[in-house]
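Report on the structure given below.
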Amino acid sequence: MNRPRFGAIILAAGLSTRMIENKLLLPWRDGQPIVRHVAAKYIKEAIGPVIVVTGRDPAAIRAALADLPVTCVHNPEYATGEMLSSVKAGLRALPAGLAAGFIQPADMPCVPTALIAQLTAAHEAGWNVAPQYAGRRGHPVLLDQAYWRAMLDLPADAKPRAVIEAAPGRLRLVDVEDEGVLLDVDTRERYERVLGSGARDDTS
């Protein structure tokens with residue numbers, strides 16, 4: 001049996017401060033909670049292991065994922081640690097020996113499923129990979145294993161992008177024609193706009 005080459009970290013620990021309710025538990029077009037909808041894309045593409053980092057409402061997030069083959073890890077610093085603390089929690093939970101790991105914010109339900117395979121196909125050892133739409137870098141980022149230690153060593157007040165930006169010559173950008181790599185649902189207004197928009201979503 002072949003060992004998995006890649007893994008995925010789904011960042012689901014946010015406070016949803018710009019919404020009253022937890023945005024990741026809102027229903028998407030398929031009727032499933034957003035966090036489940038996003039995780040299912042990586043499962044469909046046989047990316048494994050899939051780590052979901054929880055923060056706010058961890059029991060409800062776990063319940064939304066109950067029958068999916070994912071591992072939930074809780075970030076105890078979710079309220080104060082910003083995104084970096086969740087990325088670190090996810091990296092620590094991934095097993096050794098993987099070539100690279102996806103970093104995917106859970107509030108981006110329009111990232112196309114087909115993009116996951118496209119990014120893995122573009123990966124080479126020592127290279128990070130990310131999609132680019134209309135000249136703007138989007139998500140998810142496929143972080144090569146060679147950069148995991150640098151991410152784990154970042155100071156608590158740093159941004160995860162600092163690792164990517166420190167090695168610009170080792171970032172492969174994949175041009176895409178789907179703006180879903182840029183679309184999040186950070187507010188109720190944006191959620192309703194994206195939900196009702198023509199943004200493609202190939203798992204709905």
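Order determines the names: the first chain of the structure tokens is A, the second B, and so forth; residues in each chain are numbered 1 upward, and ligands are numbered 1 upward as they are shown.
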Open item on the list: Residues within 12 Å of Ala162 in chain A, please, as a VMD selection string. Count only C-alpha atoms; anything in the same chain fewer than 4 positions from it doesn't count.
Closed with: chain A and resid 84 147 150 to 158 166 to 168
- [ ] Name the residues in contact with Met19 in chain A at a cut-off of 12 Å, using only C-alpha atoms, excluding same-chain residues fewer than 5 positions from it; report them as a VMD selection string.
- [x] chain A and resid 14 24 to 26 185 to 191
All heavy atoms of the current selection, written as a CSV table (one decimal), in the first residue's frame:
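So selection27.csv came out as:
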```
chain,number,residue,atom,x,y,z
A,14,GLY,N,-11.6,29.8,13.9
A,14,GLY,CA,-11.8,31.2,14.0
A,14,GLY,C,-13.0,31.5,14.9
A,14,GLY,O,-13.8,30.7,15.2
A,24,LEU,N,-18.9,28.7,10.1
A,24,LEU,CA,-18.6,27.4,9.6
A,24,LEU,C,-19.7,26.4,9.7
A,24,LEU,O,-19.6,25.3,9.1
A,24,LEU,CB,-17.3,26.9,10.2
A,24,LEU,CG,-16.1,27.8,10.1
A,24,LEU,CD1,-14.8,27.2,10.7
A,24,LEU,CD2,-15.8,28.1,8.6
A,25,LEU,N,-20.7,26.7,10.6
A,25,LEU,CA,-21.8,25.8,10.8
A,25,LEU,C,-23.0,26.2,9.9
A,25,LEU,O,-24.0,25.5,9.9
A,25,LEU,CB,-22.2,25.8,12.2
A,25,LEU,CG,-21.1,25.2,13.2
A,25,LEU,CD1,-21.5,25.4,14.6
A,25,LEU,CD2,-20.8,23.8,12.9
A,26,LEU,N,-22.9,27.3,9.2
A,26,LEU,CA,-24.0,27.8,8.3
A,26,LEU,C,-24.1,26.8,7.1
A,26,LEU,O,-23.1,26.2,6.7
A,26,LEU,CB,-23.7,29.2,7.8
A,26,LEU,CG,-23.7,30.3,8.8
A,26,LEU,CD1,-23.3,31.6,8.2
A,26,LEU,CD2,-25.1,30.4,9.4
A,185,VAL,N,-16.3,33.8,3.3
A,185,VAL,CA,-17.6,34.1,3.8
A,185,VAL,C,-17.5,34.7,5.2
A,185,VAL,O,-18.1,34.2,6.1
A,185,VAL,CB,-18.6,32.9,3.7
A,185,VAL,CG1,-18.9,32.6,2.2
A,185,VAL,CG2,-18.1,31.7,4.4
A,186,ASP,N,-16.7,35.7,5.3
A,186,ASP,CA,-16.3,36.3,6.6
A,186,ASP,C,-17.5,37.0,7.3
A,186,ASP,O,-17.4,37.2,8.5
A,186,ASP,CB,-15.1,37.2,6.5
A,186,ASP,CG,-14.1,36.9,7.5
A,186,ASP,OD1,-14.1,35.8,8.1
A,186,ASP,OD2,-13.2,37.7,7.7
A,187,THR,N,-18.4,37.5,6.6
A,187,THR,CA,-19.5,38.3,7.2
A,187,THR,C,-20.8,37.7,6.7
A,187,THR,O,-20.9,37.0,5.7
A,187,THR,CB,-19.5,39.8,6.8
A,187,THR,OG1,-19.6,39.9,5.4
A,187,THR,CG2,-18.1,40.4,7.2
A,188,ARG,N,-21.9,38.0,7.3
A,188,ARG,CA,-23.3,37.5,6.9
A,188,ARG,C,-23.6,38.1,5.5
A,188,ARG,O,-24.1,37.3,4.6
A,188,ARG,CB,-24.3,38.0,7.9
A,188,ARG,CG,-25.7,37.8,7.4
A,188,ARG,CD,-26.1,36.4,7.1
A,188,ARG,NE,-26.3,35.6,8.3
A,188,ARG,CZ,-26.9,34.4,8.3
A,188,ARG,NH1,-27.4,33.9,7.2
A,188,ARG,NH2,-27.0,33.7,9.4
A,189,GLU,N,-23.2,39.3,5.2
A,189,GLU,CA,-23.5,39.9,3.9
A,189,GLU,C,-22.7,39.1,2.8
A,189,GLU,O,-23.2,38.8,1.8
A,189,GLU,CB,-23.1,41.4,3.9
A,189,GLU,CG,-23.2,42.0,2.5
A,189,GLU,CD,-22.7,43.5,2.5
A,189,GLU,OE1,-21.9,43.8,3.4
A,189,GLU,OE2,-23.1,44.2,1.7
A,190,ARG,N,-21.4,38.8,3.1
A,190,ARG,CA,-20.6,38.1,2.1
A,190,ARG,C,-21.1,36.7,1.9
A,190,ARG,O,-21.1,36.2,0.8
A,190,ARG,CB,-19.1,38.2,2.5
A,190,ARG,CG,-18.2,37.8,1.4
A,190,ARG,CD,-16.7,37.9,1.8
A,190,ARG,NE,-16.4,39.3,2.1
A,190,ARG,CZ,-15.3,39.7,2.7
A,190,ARG,NH1,-14.4,38.8,3.0
A,190,ARG,NH2,-15.1,41.0,2.9
A,191,TYR,N,-21.4,36.1,3.0
A,191,TYR,CA,-22.0,34.7,2.9
A,191,TYR,C,-23.2,34.7,2.0
A,191,TYR,O,-23.3,33.8,1.1
A,191,TYR,CB,-22.4,34.2,4.3
A,191,TYR,CG,-23.3,33.0,4.4
A,191,TYR,CD1,-22.8,31.8,4.0
A,191,TYR,CD2,-24.6,33.2,4.8
A,191,TYR,CE1,-23.7,30.7,4.1
A,191,TYR,CE2,-25.5,32.1,4.9
A,191,TYR,CZ,-25.0,30.8,4.5
A,191,TYR,OH,-25.9,29.8,4.5
```
Range 102-160 of chain A residues near range 27-49 of chain A within 12 Å, closest pair each, using only C-alpha atoms, as JSON lines:
```
{"residue": "A:Phe102", "atom": "CA", "partner": "A:Ile47", "partner_atom": "CA", "distance": 9.1}
{"residue": "A:Ile103", "atom": "CA", "partner": "A:Tyr42", "partner_atom": "CA", "distance": 11.2}
{"residue": "A:Gln104", "atom": "CA", "partner": "A:Val38", "partner_atom": "CA", "distance": 8.6}
{"residue": "A:Pro105", "atom": "CA", "partner": "A:Val38", "partner_atom": "CA", "distance": 8.9}
{"residue": "A:Ala106", "atom": "CA", "partner": "A:Val35", "partner_atom": "CA", "distance": 5.6}
{"residue": "A:Asp107", "atom": "CA", "partner": "A:Ile34", "partner_atom": "CA", "distance": 7.0}
{"residue": "A:Met108", "atom": "CA", "partner": "A:Val38", "partner_atom": "CA", "distance": 7.5}
{"residue": "A:Pro109", "atom": "CA", "partner": "A:Val38", "partner_atom": "CA", "distance": 5.6}
{"residue": "A:Cys110", "atom": "CA", "partner": "A:Val38", "partner_atom": "CA", "distance": 8.4}
{"residue": "A:Val111", "atom": "CA", "partner": "A:Val38", "partner_atom": "CA", "distance": 8.2}
{"residue": "A:Pro112", "atom": "CA", "partner": "A:Lys41", "partner_atom": "CA", "distance": 8.2}
{"residue": "A:Thr113", "atom": "CA", "partner": "A:Lys41", "partner_atom": "CA", "distance": 5.4}
{"residue": "A:Ala114", "atom": "CA", "partner": "A:Glu45", "partner_atom": "CA", "distance": 8.1}
{"residue": "A:Leu115", "atom": "CA", "partner": "A:Glu45", "partner_atom": "CA", "distance": 9.8}
{"residue": "A:Ile116", "atom": "CA", "partner": "A:Glu45", "partner_atom": "CA", "distance": 7.2}
{"residue": "A:Ala117", "atom": "CA", "partner": "A:Glu45", "partner_atom": "CA", "distance": 7.0}
{"residue": "A:Gln118", "atom": "CA", "partner": "A:Glu45", "partner_atom": "CA", "distance": 10.7}
{"residue": "A:Leu119", "atom": "CA", "partner": "A:Glu45", "partner_atom": "CA", "distance": 11.6}
{"residue": "A:Thr120", "atom": "CA", "partner": "A:Ile47", "partner_atom": "CA", "distance": 9.6}
{"residue": "A:Pro140", "atom": "CA", "partner": "A:Tyr42", "partner_atom": "CA", "distance": 11.2}
{"residue": "A:Leu142", "atom": "CA", "partner": "A:Ile47", "partner_atom": "CA", "distance": 11.8}
```
With C-alpha atoms kept, could you save the residues just selected as a short mmCIF file (atom, residue, chain, number, x, y, z; two decimals), in the first residue's frame?
```cif
data_model
loop_
_atom_site.label_atom_id
_atom_site.label_comp_id
_atom_site.auth_asym_id
_atom_site.auth_seq_id
_atom_site.Cartn_x
_atom_site.Cartn_y
_atom_site.Cartn_z
CA PHE A 102 -2.44 21.91 2.16
CA ILE A 103 -3.41 24.86 4.32
CA GLN A 104 -7.07 25.66 3.70
CA PRO A 105 -9.21 28.22 5.54
CA ALA A 106 -12.54 26.57 6.25
CA ASP A 107 -14.49 29.71 5.36
CA MET A 108 -13.68 29.39 1.63
CA PRO A 109 -16.33 26.96 0.31
CA CYS A 110 -15.90 27.88 -3.36
CA VAL A 111 -12.36 26.54 -3.75
CA PRO A 112 -12.87 24.05 -6.60
CA THR A 113 -12.31 20.39 -5.83
CA ALA A 114 -10.39 19.89 -9.08
CA LEU A 115 -7.83 22.47 -7.96
CA ILE A 116 -6.58 20.12 -5.25
CA ALA A 117 -5.29 17.62 -7.82
CA GLN A 118 -4.00 20.47 -9.98
CA LEU A 119 -1.83 21.79 -7.16
CA THR A 120 -0.49 18.37 -6.19
CA PRO A 140 -5.22 26.81 -0.54
CA LEU A 142 0.43 23.59 -0.56
#
```
Open item on the list: Between A:Leu195, A:Val163, A:Ala134, A:Leu143, which residue has the minimum interatomic distance to Leu182 in chain A, considering only C-alpha atoms?
Closed with: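 Of A:Leu195, A:Val163, A:Ala134, A:Leu143, the one nearest Leu182 in chain A, counting only C-alpha atoms, is A:Ala134.
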- [ ] Extract, using only C-alpha atoms, all DNA, RNA and protein residues at most 10 Å from Val141 in chain A, discarding same-chain residues fewer than 3 positions from it, and format them as JSON, numbers by chain.
- [x] {"A": [8, 100, 101, 102, 103, 104, 105, 116, 119, 128, 129, 130, 131, 137, 138, 144, 161, 164, 171, 173]}
